[in-house]
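Structure, as structure tokens:
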Amino acid sequence: MATASSPRALADGPAVGSPFGRRQVHAVAACYFVASFAALGLPPFLTEILPGLGDATARWAGLLYVVPTVFGALGAPLWGRAADRFGRKRLLLRAQLGLAVSFLLAGWADSLGAFTAALVLQGILGGTFAASNGYLAAALKGSSLSRALTLMQGAARAALVLAPIAVGSLTPWISPHRQYALLAVLPLAAAAMLALLPEPGAEPAEAAVTDRPDTKGPLTPLTALYAFEFAFVFSTVISFPYLIALIEDRIPGVSPVASGALFALPHLCYLLFAMRVHQLFERRPGPGIAAGFAVIALGLAGHGAADSLPAFVGVRLLLGAGLTLGLVSLSVLAADCAKGRPPGGMFGSLELVSKGGAVAAGLAAAAGSSLFGPSAPVLTGTAIALVALIAAVLPATFRR
């Protein structure tokens, strides 16, 4: 049997309660993938959805892009603490069913107000990523947990790769707006799959006491994790809401399928190379975070100058390299921080920080795009990535 220190052991290692291994980790990741298909794949098409709801110029796209994020951020710490108290599986099932209800309401909304209300409910009732991570952290720790978190990010990237392409391909037959209702079946299917999985462990207070003697030295401080998570999410998400508008502005006549493929390209890079990067940085996340911000800054700056399909392919691949370095290294750092802490509360707070970065990015994207055009968001993201890079190379940043 592979040990927890083996690089091939994706999910082997100490479990807090019921036996929990590779199959269970893959099942949780698969459930997150199917549930996030609509949540992550449809928002890039808000600029096409909103004109049919009365917003002719889609000026609210940037703001509505982050409406689920705002309300998800507000609820994440509460849901995380509830998971520690009442059970991680129960709260994870709640999140999947909440997504299904909100997707149905969004797909059948016939006004901008009703659509916005559905997005608000998506944020309040969702939170599947934090719930899934808390579920995994209750059963795994160390390298096993960081690899599982890396796989979870892979599930999110897979949805971002496939969903925009699928939505663009289905657009001639069913509008992106109505696809919300169609894709509500996916979180329902995820809930059915999760119902078959075990509750991952004992009460978090017991787990925290049990884990604490195993940690060498003091608990890893959360400050660096939260700060870099915020900066990373801001610098990457800020390019999402108006990317398709930027591509269409620079490459007139580009097809929706090509635009969706360009949107998905960085996330495809993550799927191909994440586990290899994990092997390189699982014991030194600091250099990986610094390298990630450096490459992200280069990729975003390149978006401001790209004016052809090959140029966009190149800068999207560069952004993908930075995305992979940053996400993997942050997963390693998060697994380190989780040692000795109740997982629901920590990952709920991390989700609050992450969604706060996405909210700030959406607001900055909307303001910058309206004032300076569709290239402004990527330039703002470049500046934030450079600031984070400077902080990441300071010797005291990762000191305990």
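Ordering of the structure tokens sets the chain letters (A, B, ...), residue numbers begin anew at 1 in every chain, and ligands are numbered from 1 in the order given.
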May I have a table of the residues of range 234-280 of chain A lying at most 12 Å from range 143-151 of chain A, giving each one's closest pair of atoms and their distance in Å to one decimal, counting only C-alpha atoms, ordered by chain and ascending residue number, as CSV?
residue,atom,partner,partner_atom,distance
A:Tyr270,CA,A:Thr150,CA,9.6
A:Leu271,CA,A:Leu151,CA,8.9
A:Leu272,CA,A:Leu151,CA,11.5
A:Phe273,CA,A:Thr150,CA,10.8
A:Ala274,CA,A:Thr150,CA,7.1
A:Met275,CA,A:Thr150,CA,7.4
A:Arg276,CA,A:Arg147,CA,10.7
A:Val277,CA,A:Thr150,CA,9.9
A:His278,CA,A:Arg147,CA,7.3
A:Gln279,CA,A:Arg147,CA,9.2
Contacts of Ser369 in chain A at 12 Å or less, counting only C-alpha atoms, minus same-chain residues fewer than 4 places along, as an mmCIF file with N, CA and C atoms, in the first residue's frame?
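The resulting file, result-v6.cif, is shown below:
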data_model
loop_
_atom_site.group_PDB
_atom_site.id
_atom_site.type_symbol
_atom_site.label_atom_id
_atom_site.label_comp_id
_atom_site.auth_asym_id
_atom_site.auth_seq_id
_atom_site.Cartn_x
_atom_site.Cartn_y
_atom_site.Cartn_z
ATOM 1 N N ALA A 58 -25.382 45.433 -21.918
ATOM 2 C CA ALA A 58 -24.735 44.518 -20.955
ATOM 3 C C ALA A 58 -23.801 45.257 -20.012
ATOM 4 N N ARG A 59 -24.212 46.458 -19.602
ATOM 5 C CA ARG A 59 -23.321 47.239 -18.742
ATOM 6 C C ARG A 59 -23.225 46.666 -17.335
ATOM 7 N N TRP A 60 -24.169 45.802 -16.961
ATOM 8 C CA TRP A 60 -24.149 45.204 -15.627
ATOM 9 C C TRP A 60 -23.418 43.863 -15.597
ATOM 10 N N ALA A 61 -22.779 43.472 -16.700
ATOM 11 C CA ALA A 61 -22.149 42.146 -16.765
ATOM 12 C C ALA A 61 -21.082 41.972 -15.693
ATOM 13 N N GLY A 62 -20.203 42.961 -15.540
ATOM 14 C CA GLY A 62 -19.143 42.832 -14.556
ATOM 15 C C GLY A 62 -19.675 42.709 -13.140
ATOM 16 N N LEU A 63 -20.716 43.483 -12.826
ATOM 17 C CA LEU A 63 -21.295 43.436 -11.485
ATOM 18 C C LEU A 63 -22.018 42.113 -11.244
ATOM 19 N N ILE A 238 -10.098 39.133 -12.857
ATOM 20 C CA ILE A 238 -10.421 40.431 -13.439
ATOM 21 C C ILE A 238 -10.469 40.375 -14.969
ATOM 22 N N SER A 239 -9.785 39.410 -15.564
ATOM 23 C CA SER A 239 -9.805 39.297 -17.022
ATOM 24 C C SER A 239 -11.002 38.501 -17.538
ATOM 25 N N PHE A 240 -11.747 37.819 -16.663
ATOM 26 C CA PHE A 240 -12.800 36.926 -17.121
ATOM 27 C C PHE A 240 -14.025 37.632 -17.714
ATOM 28 N N PRO A 241 -14.645 38.616 -17.013
ATOM 29 C CA PRO A 241 -15.951 39.096 -17.477
ATOM 30 C C PRO A 241 -15.940 39.703 -18.873
ATOM 31 N N TYR A 242 -14.866 40.392 -19.245
ATOM 32 C CA TYR A 242 -14.851 41.100 -20.526
ATOM 33 C C TYR A 242 -13.846 40.506 -21.512
ATOM 34 N N LEU A 243 -13.383 39.270 -21.231
ATOM 35 C CA LEU A 243 -12.407 38.666 -22.138
ATOM 36 C C LEU A 243 -13.000 38.429 -23.520
ATOM 37 N N ALA A 245 -15.477 39.966 -24.913
ATOM 38 C CA ALA A 245 -15.640 41.270 -25.566
ATOM 39 C C ALA A 245 -14.311 41.792 -26.084
ATOM 40 N N LEU A 246 -13.215 41.577 -25.334
ATOM 41 C CA LEU A 246 -11.892 42.003 -25.788
ATOM 42 C C LEU A 246 -11.469 41.238 -27.032
ATOM 43 N N ALA A 361 -12.352 42.134 -8.078
ATOM 44 C CA ALA A 361 -11.960 42.038 -9.484
ATOM 45 C C ALA A 361 -13.120 42.381 -10.412
ATOM 46 N N GLY A 362 -14.318 41.878 -10.091
ATOM 47 C CA GLY A 362 -15.470 42.182 -10.934
ATOM 48 C C GLY A 362 -15.805 43.658 -10.952
ATOM 49 N N LEU A 363 -15.756 44.284 -9.770
ATOM 50 C CA LEU A 363 -16.037 45.717 -9.704
ATOM 51 C C LEU A 363 -14.980 46.511 -10.466
ATOM 52 N N ALA A 364 -13.711 46.132 -10.299
ATOM 53 C CA ALA A 364 -12.643 46.828 -11.023
ATOM 54 C C ALA A 364 -12.764 46.615 -12.525
ATOM 55 N N ALA A 365 -13.173 45.404 -12.935
ATOM 56 C CA ALA A 365 -13.341 45.127 -14.357
ATOM 57 C C ALA A 365 -14.461 45.977 -14.950
ATOM 58 N N GLY A 373 -12.147 51.004 -21.702
ATOM 59 C CA GLY A 373 -12.258 49.986 -22.733
ATOM 60 C C GLY A 373 -11.941 48.596 -22.215
ATOM 61 N N PRO A 374 -12.147 47.560 -23.056
ATOM 62 C CA PRO A 374 -12.019 46.168 -22.596
ATOM 63 C C PRO A 374 -10.605 45.735 -22.251
ATOM 64 N N SER A 375 -9.576 46.519 -22.598
ATOM 65 C CA SER A 375 -8.211 46.136 -22.243
ATOM 66 C C SER A 375 -7.829 46.581 -20.829
ATOM 67 N N ALA A 376 -8.608 47.463 -20.215
ATOM 68 C CA ALA A 376 -8.262 47.986 -18.886
ATOM 69 C C ALA A 376 -8.202 46.900 -17.814
ATOM 70 N N PRO A 377 -9.139 45.931 -17.764
ATOM 71 C CA PRO A 377 -9.062 44.926 -16.705
ATOM 72 C C PRO A 377 -7.756 44.136 -16.686
ATOM 73 N N VAL A 378 -7.246 43.729 -17.850
ATOM 74 C CA VAL A 378 -6.027 42.919 -17.855
ATOM 75 C C VAL A 378 -4.822 43.737 -17.399
ATOM 76 N N LEU A 379 -4.818 45.028 -17.677
ATOM 77 C CA LEU A 379 -3.714 45.874 -17.222
ATOM 78 C C LEU A 379 -3.773 46.087 -15.712
ATOM 79 N N THR A 380 -4.979 46.215 -15.164
ATOM 80 C CA THR A 380 -5.122 46.312 -13.711
ATOM 81 C C THR A 380 -4.649 45.029 -13.034
#
All residues 6 Å or closer to range 288-300 of chain A, only C-alpha atoms, same chain fewer than 4 positions away omitted, as number ranges by chain: A: 315, 318-319, 322, 325-326, 329, 378, 382, 385, 389, 392
To test your reading of the structure, identify every residue in range 201-360 of chain A that backbone DSSP assigns to alpha helix (DSSP H), and report it as number ranges by chain. A: 204-211, 223-237, 243-250, 256-281, 285-305, 309-338, 343-360
Show me, as JSON, numbers by chain, the residues that have an atom within 8 Å of Leu330 in chain A when counting only C-alpha atoms, minus same-chain residues fewer than 3 positions from it. {"A": [225, 228, 229, 285, 289, 326, 327, 333, 334]}
The selected residues should be written to file as a PDB file, in the first residue's frame (atoms: N, CA, C and O atoms).
ATOM      1  N   LEU A 225      -1.293  33.080   3.409  1.00  0.00           N
ATOM      2  CA  LEU A 225      -2.261  32.340   2.590  1.00  0.00           C
ATOM      3  C   LEU A 225      -3.400  33.246   2.150  1.00  0.00           C
ATOM      4  O   LEU A 225      -3.763  33.288   0.966  1.00  0.00           O
ATOM      5  N   PHE A 228      -2.174  36.176  -0.354  1.00  0.00           N
ATOM      6  CA  PHE A 228      -1.859  35.727  -1.712  1.00  0.00           C
ATOM      7  C   PHE A 228      -3.082  35.141  -2.414  1.00  0.00           C
ATOM      8  O   PHE A 228      -3.210  35.249  -3.634  1.00  0.00           O
ATOM      9  N   GLU A 229      -3.969  34.531  -1.661  1.00  0.00           N
ATOM     10  CA  GLU A 229      -5.220  34.040  -2.260  1.00  0.00           C
ATOM     11  C   GLU A 229      -6.024  35.208  -2.833  1.00  0.00           C
ATOM     12  O   GLU A 229      -6.531  35.140  -3.960  1.00  0.00           O
ATOM     13  N   PRO A 285       6.218  25.903  -1.280  1.00  0.00           N
ATOM     14  CA  PRO A 285       5.183  26.658  -1.997  1.00  0.00           C
ATOM     15  C   PRO A 285       5.563  28.111  -2.255  1.00  0.00           C
ATOM     16  O   PRO A 285       5.056  28.713  -3.201  1.00  0.00           O
ATOM     17  N   ILE A 289       4.624  30.255  -5.616  1.00  0.00           N
ATOM     18  CA  ILE A 289       3.708  31.397  -5.615  1.00  0.00           C
ATOM     19  C   ILE A 289       4.354  32.592  -6.293  1.00  0.00           C
ATOM     20  O   ILE A 289       3.727  33.286  -7.112  1.00  0.00           O
ATOM     21  N   GLY A 326       0.522  29.122  -9.536  1.00  0.00           N
ATOM     22  CA  GLY A 326      -0.099  29.769  -8.393  1.00  0.00           C
ATOM     23  C   GLY A 326      -1.104  28.887  -7.685  1.00  0.00           C
ATOM     24  O   GLY A 326      -1.078  28.760  -6.451  1.00  0.00           O
ATOM     25  N   LEU A 327      -1.995  28.254  -8.430  1.00  0.00           N
ATOM     26  CA  LEU A 327      -3.035  27.437  -7.812  1.00  0.00           C
ATOM     27  C   LEU A 327      -2.447  26.245  -7.067  1.00  0.00           C
ATOM     28  O   LEU A 327      -2.868  25.927  -5.945  1.00  0.00           O
ATOM     29  N   LEU A 333       0.179  25.354   0.321  1.00  0.00           N
ATOM     30  CA  LEU A 333       0.197  26.232   1.492  1.00  0.00           C
ATOM     31  C   LEU A 333      -1.072  26.058   2.325  1.00  0.00           C
ATOM     32  O   LEU A 333      -1.024  26.051   3.567  1.00  0.00           O
ATOM     33  N   ALA A 334      -2.225  25.890   1.667  1.00  0.00           N
ATOM     34  CA  ALA A 334      -3.479  25.695   2.394  1.00  0.00           C
ATOM     35  C   ALA A 334      -3.465  24.387   3.174  1.00  0.00           C
ATOM     36  O   ALA A 334      -3.945  24.327   4.318  1.00  0.00           O
TER      37      ALA A 334
END
So the first atom is CA of Ile247 in chain A and the second is CA of Ala311 in chain A; what is the distance between them in Å, to one decimal place? 10.8 Å
How many Å separate CA of Lys89 in chain A from CA of Ala163 in chain A? 26.2 Å
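Residues in contact with Pro51 in chain A at up to 12 Å, not including ones fewer than 4 positions away on its chain and judged by only C-alpha atoms, are Phe45, Leu46, Thr47, Asp55, Ala56, Thr57, Ala58, Arg59, Trp60, Ala61, Asp110, Ser111, Leu112, Ser175, Pro176 and His177 of chain A.
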Set the distance at 9 Å and use only C-alpha atoms: which residues neighbour Trp108 in chain A once local chain neighbours fewer than 5 positions away are removed? I'd like the list as a ChimeraX atom specification. /A:103,114-115,177-178,180-181
Pull N, CA, C and O atoms from the residues just selected and write them as a CSV table (one decimal), in the first residue's frame.
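After the write, part21.csv holds the following:
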chain,number,residue,atom,x,y,z
A,103,PHE,N,-30.1,27.5,-10.1
A,103,PHE,CA,-30.0,27.4,-11.6
A,103,PHE,C,-31.3,27.4,-12.3
A,103,PHE,O,-31.5,28.0,-13.3
A,114,ALA,N,-35.4,39.5,-11.6
A,114,ALA,CA,-35.5,38.0,-11.2
A,114,ALA,C,-34.2,37.3,-11.5
A,114,ALA,O,-33.9,36.4,-10.7
A,115,PHE,N,-33.5,37.6,-12.5
A,115,PHE,CA,-32.3,36.9,-12.8
A,115,PHE,C,-31.2,37.2,-11.7
A,115,PHE,O,-30.5,36.4,-11.3
A,177,HIS,N,-28.9,31.8,-21.6
A,177,HIS,CA,-29.8,32.1,-20.5
A,177,HIS,C,-30.6,30.8,-20.2
A,177,HIS,O,-30.7,30.4,-19.0
A,178,ARG,N,-31.2,30.2,-21.1
A,178,ARG,CA,-32.0,29.0,-20.9
A,178,ARG,C,-31.2,27.8,-20.5
A,178,ARG,O,-31.7,26.8,-19.9
A,180,TYR,N,-29.1,27.7,-18.2
A,180,TYR,CA,-29.0,27.6,-16.7
A,180,TYR,C,-30.0,26.6,-16.3
A,180,TYR,O,-29.7,25.7,-15.4
A,181,ALA,N,-31.3,26.6,-16.8
A,181,ALA,CA,-32.3,25.6,-16.3
A,181,ALA,C,-31.9,24.2,-16.8
A,181,ALA,O,-32.1,23.3,-16.0
Could you please determine the separation between CA of Val185 in chain A and CA of Ser36 in chain A in Å, to one decimal place?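 Going from CA of Val185 in chain A over to CA of Ser36 in chain A covers 11.4 Å.
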Of the candidates A:Ala100, A:Leu162, A:Met346, A:Leu125, which shows the shortest atom-to-atom distance to Leu188 in chain A, using only C-alpha atoms?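 For Leu188 in chain A, the nearest of the candidates is A:Ala100.
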Name the closest residue to Pro343 in chain A among the candidates A:Pro256, A:Pro200, A:Pro164, A:Gly54; distances are taken between atoms, counting only C-alpha atoms. A:Pro200
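For the set A:Val101, A:Ala30, A:Val387, A:Ala130, the residue with the smallest atom-to-atom gap to Gly154 in chain A is A:Ala30, counting only C-alpha atoms.
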Using only C-alpha atoms, which of the listed residues (A:Ala391, A:Ser370, A:Phe71, A:Ala338) sits closest to Ala224 in chain A? A:Ala391
